[in-house]
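Below: protein-v1.txt (compact mmCIF, C-alpha atoms and all ligand atoms)
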# COMPACT_ATOMS: atom_id res chain seq x y z
CA MET A 13 -5.43 -13.35 -23.03
CA ASN A 14 -3.57 -13.24 -19.71
CA ASP A 15 -4.45 -15.74 -16.98
CA PRO A 16 -6.20 -13.68 -14.24
CA LEU A 17 -4.12 -15.57 -11.64
CA ASP A 18 -0.99 -13.97 -13.14
CA GLN A 19 -2.41 -10.59 -12.30
CA ALA A 20 -1.85 -9.37 -8.76
CA LEU A 21 -4.33 -6.52 -9.11
CA VAL A 22 -6.95 -5.59 -11.65
CA LEU A 23 -9.01 -2.43 -11.35
CA ASN A 24 -11.78 -2.40 -13.96
CA ASP A 25 -13.60 0.84 -14.84
CA ILE A 26 -13.52 2.23 -11.31
CA CYS A 27 -15.72 5.27 -10.64
CA LYS A 28 -15.93 7.13 -7.34
CA THR A 29 -17.87 10.26 -6.40
CA TYR A 30 -18.02 11.79 -2.92
CA ASN A 31 -21.12 13.60 -1.58
CA VAL A 32 -23.37 12.38 -4.38
CA GLY A 33 -26.29 14.73 -5.10
CA ARG A 34 -25.05 17.43 -2.72
CA PRO A 35 -23.71 20.86 -3.69
CA ASN A 36 -20.22 19.70 -2.65
CA GLU A 37 -20.29 16.60 -4.91
CA VAL A 38 -16.76 15.66 -6.09
CA ARG A 39 -16.29 13.18 -8.91
CA VAL A 40 -12.88 11.75 -8.03
CA LEU A 41 -12.28 8.72 -10.27
CA HIS A 42 -13.62 8.30 -13.81
CA ASP A 43 -13.47 4.82 -15.37
CA VAL A 44 -10.01 4.05 -14.02
CA SER A 45 -8.57 0.73 -15.20
CA VAL A 46 -5.22 -0.59 -13.99
CA THR A 47 -3.58 -4.03 -14.20
CA LEU A 48 -0.53 -5.09 -12.19
CA ASP A 49 1.11 -8.34 -13.23
CA ARG A 50 2.54 -10.62 -10.58
CA GLY A 51 5.92 -9.30 -9.44
CA GLU A 52 5.44 -5.96 -11.16
CA VAL A 53 6.31 -2.75 -9.30
CA VAL A 54 4.42 0.28 -10.58
CA ALA A 55 4.75 3.95 -9.62
CA LEU A 56 1.55 5.97 -9.30
CA VAL A 57 2.34 9.60 -10.04
CA ALA A 58 -0.34 12.25 -9.73
CA PRO A 59 -0.72 15.92 -8.88
CA SER A 60 -2.19 16.66 -5.46
CA GLY A 61 -5.94 16.06 -5.40
CA ALA A 62 -5.95 13.87 -8.52
CA GLY A 63 -7.44 10.91 -6.64
CA LYS A 64 -4.32 8.88 -5.83
CA SER A 65 -5.19 8.11 -2.19
CA THR A 66 -8.78 7.31 -3.14
CA LEU A 67 -7.53 4.87 -5.78
CA LEU A 68 -5.13 3.19 -3.34
CA HIS A 69 -7.86 2.88 -0.69
CA ILE A 70 -10.17 1.23 -3.22
CA ALA A 71 -7.37 -1.11 -4.41
CA GLY A 72 -6.63 -1.92 -0.74
CA LEU A 73 -10.31 -2.72 -0.03
CA LEU A 74 -10.45 0.09 2.54
CA ASP A 75 -13.09 1.89 0.48
CA ALA A 76 -15.58 0.65 -2.12
CA PRO A 77 -15.96 2.00 -5.65
CA ASP A 78 -19.38 3.24 -6.80
CA THR A 79 -19.02 1.11 -9.91
CA GLY A 80 -16.29 -1.12 -11.30
CA ASP A 81 -14.47 -4.19 -10.02
CA VAL A 82 -11.39 -4.86 -7.91
CA LEU A 83 -9.69 -8.22 -8.47
CA VAL A 84 -6.80 -9.38 -6.27
CA ASN A 85 -5.00 -12.51 -7.49
CA GLY A 86 -7.96 -13.22 -9.76
CA THR A 87 -10.63 -13.00 -7.04
CA ASN A 88 -13.29 -10.34 -7.50
CA MET A 89 -13.33 -8.54 -4.15
CA THR A 90 -16.27 -6.28 -5.00
CA ARG A 91 -18.60 -9.27 -4.86
CA LEU A 92 -17.42 -10.47 -1.42
CA GLY A 93 -19.18 -9.80 1.89
CA ASP A 94 -17.54 -7.64 4.56
CA ASP A 95 -15.96 -10.52 6.51
CA ALA A 96 -14.37 -12.11 3.44
CA ARG A 97 -13.12 -8.72 2.28
CA THR A 98 -11.55 -8.00 5.68
CA ALA A 99 -9.86 -11.43 5.66
CA ALA A 100 -8.54 -10.80 2.14
CA ARG A 101 -7.22 -7.39 3.13
CA ARG A 102 -5.43 -8.87 6.14
CA GLY A 103 -3.87 -11.80 4.35
CA ARG A 104 -3.26 -10.65 0.78
CA ILE A 105 -2.58 -6.93 0.90
CA GLY A 106 0.07 -4.89 2.70
CA PHE A 107 -0.46 -1.14 3.08
CA ILE A 108 2.12 1.56 3.84
CA TYR A 109 1.13 5.15 4.55
CA GLN A 110 3.15 8.36 4.47
CA PHE A 111 3.16 8.36 8.29
CA HIS A 112 4.14 5.12 9.98
CA HIS A 113 0.98 4.64 12.13
CA LEU A 114 2.86 2.19 14.37
CA LEU A 115 1.21 1.47 17.73
CA PRO A 116 3.13 3.67 20.22
CA GLU A 117 2.81 1.38 23.24
CA PHE A 118 4.37 -1.62 21.49
CA THR A 119 7.97 -2.26 20.44
CA ALA A 120 9.08 -2.43 16.80
CA LEU A 121 9.05 -6.24 16.97
CA GLU A 122 5.62 -6.36 18.60
CA ASN A 123 4.19 -4.05 15.93
CA ILE A 124 5.13 -6.70 13.35
CA VAL A 125 4.09 -9.66 15.50
CA LEU A 126 0.55 -8.36 16.22
CA PRO A 127 -0.93 -8.50 12.69
CA GLN A 128 0.35 -12.07 12.40
CA LEU A 129 -1.32 -13.11 15.68
CA VAL A 130 -4.58 -11.58 14.39
CA ASN A 131 -4.12 -13.72 11.28
CA GLY A 132 -3.78 -16.93 13.35
CA VAL A 133 0.03 -17.35 13.27
CA SER A 134 1.65 -18.80 16.42
CA ALA A 135 3.57 -16.38 18.67
CA ALA A 136 6.91 -18.15 18.07
CA GLN A 137 6.54 -18.11 14.29
CA ALA A 138 5.37 -14.51 14.33
CA ARG A 139 8.43 -13.44 16.33
CA ASP A 140 10.77 -15.31 13.98
CA ARG A 141 9.26 -13.66 10.92
CA ALA A 142 9.29 -10.21 12.56
CA SER A 143 12.98 -10.60 13.46
CA MET A 144 13.81 -11.76 9.95
CA LEU A 145 12.02 -8.78 8.37
CA LEU A 146 13.67 -6.26 10.73
CA ASP A 147 17.02 -7.78 9.89
CA ARG A 148 16.35 -7.45 6.14
CA VAL A 149 15.68 -3.72 6.40
CA GLY A 150 18.64 -3.12 8.71
CA VAL A 151 16.90 -2.31 12.01
CA ALA A 152 17.28 -5.61 13.89
CA GLN A 153 19.16 -3.79 16.65
CA ARG A 154 16.07 -1.61 17.25
CA ALA A 155 13.63 -4.53 17.70
CA ASP A 156 12.90 -3.77 21.36
CA HIS A 157 12.50 -0.01 20.97
CA ARG A 158 9.14 1.70 20.93
CA PRO A 159 8.36 3.89 17.88
CA ALA A 160 9.06 7.14 19.78
CA ALA A 161 12.65 6.00 20.33
CA LEU A 162 13.24 5.43 16.59
CA SER A 163 14.28 7.90 13.89
CA GLY A 164 11.77 8.74 11.13
CA GLY A 165 13.61 6.47 8.69
CA GLU A 166 13.68 3.62 11.21
CA GLN A 167 9.98 4.05 11.97
CA GLN A 168 9.17 3.79 8.29
CA ARG A 169 11.37 0.70 7.86
CA VAL A 170 9.43 -0.93 10.70
CA ALA A 171 6.17 0.08 8.98
CA PHE A 172 7.40 -1.70 5.81
CA CYS A 173 8.01 -4.85 7.86
CA ARG A 174 4.54 -4.61 9.39
CA ALA A 175 3.00 -4.31 5.90
CA LEU A 176 4.83 -7.50 4.90
CA ALA A 177 4.13 -9.32 8.17
CA ASN A 178 1.51 -11.64 6.71
CA ALA A 179 3.43 -12.22 3.46
CA PRO A 180 0.90 -10.47 1.21
CA GLY A 181 1.16 -10.83 -2.57
CA LEU A 182 0.30 -7.18 -3.12
CA LEU A 183 1.79 -4.07 -1.55
CA LEU A 184 0.11 -0.67 -1.76
CA ALA A 185 2.00 2.39 -0.60
CA ASP A 186 0.91 6.04 -0.39
CA GLU A 187 4.01 8.28 -0.44
CA PRO A 188 5.94 5.79 1.71
CA THR A 189 8.97 8.05 2.10
CA GLY A 190 7.19 11.39 1.60
CA ASN A 191 7.70 12.36 5.23
CA LEU A 192 11.51 11.97 5.18
CA ASP A 193 14.34 14.27 4.10
CA PRO A 194 15.68 13.55 0.58
CA THR A 195 18.76 11.54 1.65
CA THR A 196 16.89 9.41 4.18
CA SER A 197 14.02 9.00 1.69
CA ASP A 198 16.45 7.67 -0.91
CA GLN A 199 18.01 5.14 1.52
CA VAL A 200 14.71 4.00 3.01
CA PHE A 201 13.15 3.68 -0.43
CA GLY A 202 16.14 1.53 -1.48
CA ALA A 203 15.49 -0.76 1.50
CA LEU A 204 11.83 -1.03 0.52
CA MET A 205 12.65 -1.85 -3.10
CA ASP A 206 15.17 -4.53 -2.04
CA LEU A 207 12.53 -6.12 0.19
CA VAL A 208 9.88 -5.96 -2.54
CA ARG A 209 12.20 -7.50 -5.15
CA GLU A 210 13.52 -10.24 -2.80
CA THR A 211 10.02 -11.32 -1.87
CA GLY A 212 8.65 -11.11 -5.44
CA LEU A 213 5.87 -8.76 -4.33
CA SER A 214 3.68 -6.83 -6.72
CA ALA A 215 3.44 -3.21 -5.70
CA LEU A 216 1.64 0.00 -6.54
CA ILE A 217 3.56 2.87 -4.95
CA ALA A 218 2.34 6.46 -5.07
CA THR A 219 5.08 9.08 -5.12
CA HIS A 220 5.62 12.69 -6.12
CA ASN A 221 9.33 11.93 -6.52
CA LEU A 222 10.10 11.23 -10.19
CA ASP A 223 13.57 9.87 -9.36
CA LEU A 224 11.97 7.23 -7.15
CA ALA A 225 9.29 6.57 -9.78
CA ARG A 226 11.98 5.80 -12.36
CA ARG A 227 13.37 3.02 -10.11
CA MET A 228 10.13 1.06 -10.60
CA ASP A 229 9.11 -1.08 -13.59
CA ARG A 230 6.51 1.33 -14.97
CA VAL A 231 4.96 4.70 -14.22
CA LEU A 232 1.21 5.20 -14.17
CA ARG A 233 0.00 8.79 -14.34
CA LEU A 234 -3.30 9.91 -12.89
CA GLU A 235 -4.72 13.34 -13.69
CA ASP A 236 -8.16 14.64 -12.70
CA GLY A 237 -9.23 11.13 -11.78
CA ARG A 238 -8.24 9.56 -15.12
CA VAL A 239 -5.26 7.41 -16.07
CA VAL A 240 -3.37 9.41 -18.69
CA GLY A 241 -0.40 7.14 -19.33
N1 LIG B 301 -14.11 11.50 2.20
C1 LIG B 301 -14.14 12.48 1.29
N2 LIG B 301 -15.22 13.28 1.15
C2 LIG B 301 -15.27 14.26 0.22
N3 LIG B 301 -14.27 14.52 -0.65
C3 LIG B 301 -13.17 13.79 -0.57
C4 LIG B 301 -13.04 12.72 0.41
N4 LIG B 301 -11.82 12.13 0.25
C5 LIG B 301 -11.22 12.82 -0.77
N5 LIG B 301 -12.02 13.79 -1.25
C6 LIG B 301 -11.72 14.70 -2.39
O1 LIG B 301 -11.40 13.90 -3.50
C7 LIG B 301 -10.31 14.46 -4.25
C8 LIG B 301 -9.19 13.44 -4.36
O2 LIG B 301 -8.67 13.16 -3.05
P1 LIG B 301 -7.43 12.17 -2.82
O3 LIG B 301 -7.13 12.20 -1.38
O4 LIG B 301 -7.71 10.88 -3.46
O5 LIG B 301 -6.30 12.95 -3.66
P2 LIG B 301 -4.74 12.69 -3.75
O6 LIG B 301 -4.44 12.60 -5.21
O7 LIG B 301 -4.33 11.55 -2.91
O8 LIG B 301 -4.15 14.04 -3.17
P3 LIG B 301 -2.84 14.33 -2.25
O9 LIG B 301 -1.66 13.99 -3.11
O10 LIG B 301 -2.95 15.79 -1.96
O11 LIG B 301 -2.95 13.47 -1.03
C9 LIG B 301 -9.93 15.73 -3.52
O12 LIG B 301 -10.57 16.81 -4.17
C10 LIG B 301 -10.48 15.54 -2.13
O13 LIG B 301 -10.81 16.77 -1.54
When written as C-alpha cells, how does the structure in this file appear?
Amino acid sequence: MNDPLDQALVLNDICKTYNVGRPNEVRVLHDVSVTLDRGEVVALVAPSGAGKSTLLHIAGLLDAPDTGDVLVNGTNMTRLGDDARTAARRGRIGFIYQFHHLLPEFTALENIVLPQLVNGVSAAQARDRASMLLDRVGVAQRADHRPAALSGGEQQRVAFCRALANAPGLLLADEPTGNLDPTTSDQVFGALMDLVRETGLSALIATHNLDLARRMDRVLRLEDGRVVG
C-alpha cells in the first residue's frame, strides 16, 4: 500500500450534482477516483461538458463534492473547516485558468508578489521569488509591465508564475494554453512543463490538445462524469 504522503492528490469516489431536486438537476460527477503521485504530471482529457472544470474546482478546494473525499499531501480536506481549507488552498495548491485573470492595475511582478504577501512572506523575499520565477519562464524583461501591455503568451507565463508564487506542491490547470494560437500554445506549454519538472510539482492539467497531453506522464480520460481510462 502506498504511503498517503507520497500522494499529492487523492480524489475518492467524488460525486457532484447541480440543482438537486429541481427540473434542471445535472449529475456531473459519478464516483470519480483519481490519484496523483508526488511529482507526477497527468493530463485530464474530456469532451466539453464532461465535468472537467467541476473536477478541477473540487480538487482545488474551490467547490465541495456532495460525497467523497479530497486528500492533498495526505490531509483530508473535506473534513476541514472553511479557514483551514482556504489556508491549504493558498499554500499548497496553484491554479491556472484558461484566461490569465491577472489583476490589471498591478505589474507582472506585483501580481506574483501579492499572493505571497497574503501568505505572510516578507516583501523583499516575495520580490526575489517573483523575479526568479519570471526569469525562469523568460519574461523577466516584462516585470514592470501591466497585463494589458503584455502579449497573450506573456500574460499566461505570468499567470503560471503567480500559480507557483507560494511554492505549492500541487498544480491544477484548466486549459492553460487554450486561449493561445497553436504555435504560442506549444511554446508557452513548454515553458510551463519545464517549470513544473524543475520544481518537482505534481500537476493535473486539463487540455483538449492530445499532442500536449502526450507530453505528460499519463492521460486520464473523463466522459459523462466518469473516469474511463
Ligand atoms: N454552477 C452550475 N450549475 C448548474 N450546472 C452546472 C454548473 N456548473 C457546471 N454545470 C453543468 O455541469 C456540466 C459539467 O460542467 P463543467 O464546466 O465541469 O464541464 P467541462 O467538462 O469543464 O466543459 P468545458 O470543456 O466545455 O469547459 C455541464 O453540463 C454544465 O452545464
Build an axis-aligned box that encloses every atom of range 131-144 of chain A listed in the file, pad it by 3 Å on each side, and report its centre and edge lengths in Å to one decimal, as JSON.
{"center_x": 4.8, "center_y": -14.5, "center_z": 14.3, "size_x": 23.9, "size_y": 14.6, "size_z": 14.7}
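Rounded to one decimal, CA of Leu56 in chain A and CA of Pro77 in chain A lie 18.3 Å from each other.
Remark: for Gly51 in chain A, the closest of the candidate residues A:Leu182, A:Leu234, A:Val125, A:Ala136 is A:Leu182 (distances computed over all atoms listed in the file).
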Within 7 Å of ligand LIG 301 (chain B), which residues of chain A come that close, and what is the closest atom pair and distance in Å for each? Count only C-alpha atoms and all ligand atoms and give it as CSV.
residue,atom,partner,partner_atom,distance
A:Tyr30,CA,B:LIG301,C2,4.9
A:Asn31,CA,B:LIG301,C2,6.2
A:Val38,CA,B:LIG301,N3,6.1
A:Val40,CA,B:LIG301,O1,5.2
A:Ala58,CA,B:LIG301,O6,6.1
A:Pro59,CA,B:LIG301,O9,6.2
A:Ser60,CA,B:LIG301,O9,3.6
A:Gly61,CA,B:LIG301,O8,3.5
A:Ala62,CA,B:LIG301,O6,3.9
A:Gly63,CA,B:LIG301,O4,3.2
A:Lys64,CA,B:LIG301,O6,3.8
A:Ser65,CA,B:LIG301,O7,3.6
A:Thr66,CA,B:LIG301,O4,3.7
A:Leu67,CA,B:LIG301,O4,6.4
Neighbour list for range 171-181 of chain A as a tab-separated table (two decimals) with C-alpha atoms, keeping the file's coordinate frame, cut-off 9 Å, all atoms listed in the file, skip fewer than 2 positions in-chain:
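Okay, selection_8.tsv is ready:
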chain	number	residue	atom	x	y	z
A	20	ALA	CA	-1.85	-9.37	-8.76
A	50	ARG	CA	2.54	-10.62	-10.58
A	51	GLY	CA	5.92	-9.30	-9.44
A	84	VAL	CA	-6.80	-9.38	-6.27
A	85	ASN	CA	-5.00	-12.51	-7.49
A	101	ARG	CA	-7.22	-7.39	3.13
A	102	ARG	CA	-5.43	-8.87	6.14
A	103	GLY	CA	-3.87	-11.80	4.35
A	104	ARG	CA	-3.26	-10.65	0.78
A	105	ILE	CA	-2.58	-6.93	0.90
A	106	GLY	CA	0.07	-4.89	2.70
A	107	PHE	CA	-0.46	-1.14	3.08
A	108	ILE	CA	2.12	1.56	3.84
A	109	TYR	CA	1.13	5.15	4.55
A	111	PHE	CA	3.16	8.36	8.29
A	112	HIS	CA	4.14	5.12	9.98
A	113	HIS	CA	0.98	4.64	12.13
A	114	LEU	CA	2.86	2.19	14.37
A	120	ALA	CA	9.08	-2.43	16.80
A	121	LEU	CA	9.05	-6.24	16.97
A	123	ASN	CA	4.19	-4.05	15.93
A	124	ILE	CA	5.13	-6.70	13.35
A	125	VAL	CA	4.09	-9.66	15.50
A	126	LEU	CA	0.55	-8.36	16.22
A	127	PRO	CA	-0.93	-8.50	12.69
A	128	GLN	CA	0.35	-12.07	12.40
A	131	ASN	CA	-4.12	-13.72	11.28
A	133	VAL	CA	0.03	-17.35	13.27
A	138	ALA	CA	5.37	-14.51	14.33
A	141	ARG	CA	9.26	-13.66	10.92
A	142	ALA	CA	9.29	-10.21	12.56
A	145	LEU	CA	12.02	-8.78	8.37
A	146	LEU	CA	13.67	-6.26	10.73
A	148	ARG	CA	16.35	-7.45	6.14
A	149	VAL	CA	15.68	-3.72	6.40
A	166	GLU	CA	13.68	3.62	11.21
A	167	GLN	CA	9.98	4.05	11.97
A	168	GLN	CA	9.17	3.79	8.29
A	169	ARG	CA	11.37	0.70	7.86
A	183	LEU	CA	1.79	-4.07	-1.55
A	184	LEU	CA	0.11	-0.67	-1.76
A	188	PRO	CA	5.94	5.79	1.71
A	204	LEU	CA	11.83	-1.03	0.52
A	207	LEU	CA	12.53	-6.12	0.19
A	211	THR	CA	10.02	-11.32	-1.87
A	212	GLY	CA	8.65	-11.11	-5.44
A	213	LEU	CA	5.87	-8.76	-4.33
A	214	SER	CA	3.68	-6.83	-6.72
A	215	ALA	CA	3.44	-3.21	-5.70
>> Quick check, in Å to one decimal: how far apart do CA of Val32 in chain A and CA of Leu73 in chain A lie?
In response: 20.4 Å
>> If we count only C-alpha atoms and set the cut-off at 10 Å, which residues sit around Phe201 in chain A, ignoring sequence neighbours fewer than 4 positions away in its own chain? Please answer as number ranges by chain.
In response: A: 165, 168-169, 188-190, 195-197, 205-207, 224, 227
Based on the selection just made, write C-alpha atoms of those residues as an mmCIF file, keeping the file's coordinate frame.
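Dumped to selection04.cif:
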data_model
loop_
_atom_site.group_PDB
_atom_site.id
_atom_site.type_symbol
_atom_site.label_atom_id
_atom_site.label_comp_id
_atom_site.auth_asym_id
_atom_site.auth_seq_id
_atom_site.Cartn_x
_atom_site.Cartn_y
_atom_site.Cartn_z
ATOM 1 C CA GLY A 165 13.610 6.470 8.690
ATOM 2 C CA GLN A 168 9.170 3.790 8.290
ATOM 3 C CA ARG A 169 11.370 0.700 7.860
ATOM 4 C CA PRO A 188 5.940 5.790 1.710
ATOM 5 C CA THR A 189 8.970 8.050 2.100
ATOM 6 C CA GLY A 190 7.190 11.390 1.600
ATOM 7 C CA THR A 195 18.760 11.540 1.650
ATOM 8 C CA THR A 196 16.890 9.410 4.180
ATOM 9 C CA SER A 197 14.020 9.000 1.690
ATOM 10 C CA MET A 205 12.650 -1.850 -3.100
ATOM 11 C CA ASP A 206 15.170 -4.530 -2.040
ATOM 12 C CA LEU A 207 12.530 -6.120 0.190
ATOM 13 C CA LEU A 224 11.970 7.230 -7.150
ATOM 14 C CA ARG A 227 13.370 3.020 -10.110
#
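Across the model, the gap from CA of Leu68 in chain A to CA of Val231 in chain A is 14.9 Å.
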> Looking at all atoms listed in the file, which of A:Val170, A:Leu129, A:Leu232, A:Val44 is the one that sits closest to Ser143 in chain A?
Replying inline: A:Val170
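You can rank A:Arg238, A:Arg233, A:Arg97, A:Lys28 by their closest distance to Gly80 in chain A using all atoms listed in the file, and at the top of that list sits A:Lys28.
Using all atoms listed in the file, the nearest neighbour of Asp236 in chain A within the list A:Ala160, A:Met89, A:Leu23, A:Val57 is A:Val57.
The residue that comes closest to Asp156 in chain A, out of A:Asn221, A:Gln110, A:Thr119, A:Thr29 and on the basis of all atoms listed in the file, is A:Thr119.
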>> Need the shell around Met228 in chain A: protein/DNA/RNA residues with any atom at most 7 Å away, counting only C-alpha atoms. Skip same-chain ones fewer than 3 positions apart. Format as an MDAnalysis selection string?
In response: chainID A and resid 53:55 225
